[in-house]
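The data block below is input.cif; it holds mmCIF, C-alpha atoms.
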data_start
loop_
_atom_site.group_PDB
_atom_site.id
_atom_site.type_symbol
_atom_site.label_atom_id
_atom_site.label_comp_id
_atom_site.auth_asym_id
_atom_site.auth_seq_id
_atom_site.Cartn_x
_atom_site.Cartn_y
_atom_site.Cartn_z
ATOM 1 C CA MET A 1 0.000 0.000 0.000
ATOM 2 C CA PRO A 2 1.533 3.356 -0.983
ATOM 3 C CA LYS A 3 1.883 6.214 1.444
ATOM 4 C CA ILE A 4 -0.748 8.953 1.358
ATOM 5 C CA LYS A 5 0.462 12.521 0.960
ATOM 6 C CA THR A 6 -0.442 14.979 3.710
ATOM 7 C CA ASN A 7 -2.158 18.171 2.578
ATOM 8 C CA ARG A 8 0.476 20.750 3.592
ATOM 9 C CA ALA A 9 -2.011 23.632 3.793
ATOM 10 C CA ALA A 10 -4.117 21.664 6.290
ATOM 11 C CA ALA A 11 -1.016 20.614 8.259
ATOM 12 C CA LYS A 12 -0.200 24.280 8.893
ATOM 13 C CA ARG A 13 -3.727 25.127 10.062
ATOM 14 C CA PHE A 14 -4.891 22.187 12.171
ATOM 15 C CA LYS A 15 -3.346 20.177 14.978
ATOM 16 C CA ARG A 16 -4.657 17.014 16.548
ATOM 17 C CA THR A 17 -5.408 16.702 20.260
ATOM 18 C CA GLY A 18 -4.703 13.642 22.367
ATOM 19 C CA SER A 19 -8.328 12.533 22.140
ATOM 20 C CA GLY A 20 -8.334 12.702 18.329
ATOM 21 C CA LYS A 21 -10.136 16.005 17.856
ATOM 22 C CA TYR A 22 -8.666 18.854 15.806
ATOM 23 C CA MET A 23 -7.796 22.367 16.972
ATOM 24 C CA PHE A 24 -7.687 25.437 14.761
ATOM 25 C CA ALA A 25 -7.094 29.175 15.131
ATOM 26 C CA LYS A 26 -9.912 31.596 14.459
ATOM 27 C CA SER A 27 -9.750 34.033 11.557
ATOM 28 C CA HIS A 28 -10.072 37.860 11.486
ATOM 29 C CA ALA A 29 -7.477 38.453 14.217
ATOM 30 C CA SER A 30 -4.570 39.939 12.263
ATOM 31 C CA HIS A 31 -5.578 43.398 11.009
ATOM 32 C CA ILE A 32 -8.238 46.130 11.296
ATOM 33 C CA LEU A 33 -8.227 45.578 15.050
ATOM 34 C CA THR A 34 -9.207 49.121 16.058
ATOM 35 C CA LYS A 35 -12.912 48.604 15.397
ATOM 36 C CA LYS A 36 -13.072 45.257 17.200
ATOM 37 C CA THR A 37 -13.897 45.180 20.891
ATOM 38 C CA ARG A 38 -11.413 44.006 23.507
ATOM 39 C CA LYS A 39 -13.669 41.069 24.293
ATOM 40 C CA ARG A 40 -13.824 40.010 20.646
ATOM 41 C CA LYS A 41 -10.039 40.251 20.150
ATOM 42 C CA ARG A 42 -9.443 38.229 23.316
ATOM 43 C CA ALA A 43 -11.801 35.504 22.063
ATOM 44 C CA LEU A 44 -10.017 35.404 18.686
ATOM 45 C CA ARG A 45 -6.716 34.545 20.399
ATOM 46 C CA LYS A 46 -8.067 31.228 21.672
ATOM 47 C CA GLN A 47 -7.915 28.036 19.679
ATOM 48 C CA GLN A 48 -11.163 26.255 18.861
ATOM 49 C CA VAL A 49 -12.060 22.580 18.702
ATOM 50 C CA MET A 50 -13.400 21.594 15.304
ATOM 51 C CA ASP A 51 -16.959 20.276 15.294
ATOM 52 C CA ALA A 52 -17.811 16.799 14.039
ATOM 53 C CA THR A 53 -19.203 17.951 10.675
ATOM 54 C CA ASN A 54 -15.745 18.968 9.375
ATOM 55 C CA ARG A 55 -13.676 16.374 11.217
ATOM 56 C CA LYS A 56 -13.989 13.731 8.487
ATOM 57 C CA ALA A 57 -12.649 16.078 5.780
ATOM 58 C CA VAL A 58 -9.680 17.184 7.895
ATOM 59 C CA LYS A 59 -8.893 13.594 8.842
ATOM 60 C CA ARG A 60 -8.671 12.757 5.127
ATOM 61 C CA MET A 61 -6.240 15.658 4.552
ATOM 62 C CA LEU A 62 -4.076 14.678 7.546
ATOM 63 C CA PRO A 63 -3.784 10.889 7.332
ATOM 64 C CA TYR A 64 -0.903 10.610 9.837
ATOM 65 C CA GLY A 65 -2.177 12.845 12.614
#

Please, can you express the file's structure as structure tokens?
Amino acid sequence: MPKIKTNRAAAKRFKRTGSGKYMFAKSHASHILTKKTRKRKRALRKQQVMDATNRKAVKRMLPYG
């Protein structure tokens, strides 16, 4: 069985947790920050756990974790 190539774009954006879920960083946190509230900017710093609807697609792009 040949090796499966990892999608490099996905590898840079998602990381796998110990329980098998995937973490990702939220968007809209890099520029035009003056109009965003402190609360919103603070929330954008945190990583999110991907929901189950997208997990299958990401798992296909990252076959080795």

*Check which residues satisfy the PyMOL selection byres ((chain A and resi 41) around 12) in the file shown, then give them as number ranges by chain.*
A: 26-40, 42-46

*asked:* Taking 6 positions as the minimum chain separation for residues in the same chain, which residues sit within 12 Å of Asp51 of chain A when counting only C-alpha atoms? Answer as a PyMOL selection string.
replied: chain A and resi 20-24+57-58

*asked:* Once the PyMOL selection byres ((chain A and resi 7) around 12) is applied to the coordinates I shared, what remains selected? I want it as a list in words.
replied: Ile4, Lys5, Thr6, Arg8, Ala9, Ala10, Ala11, Lys12, Arg13, Phe14, Ala57, Val58, Lys59, Arg60, Met61, Leu62, Pro63, Tyr64 and Gly65 of chain A
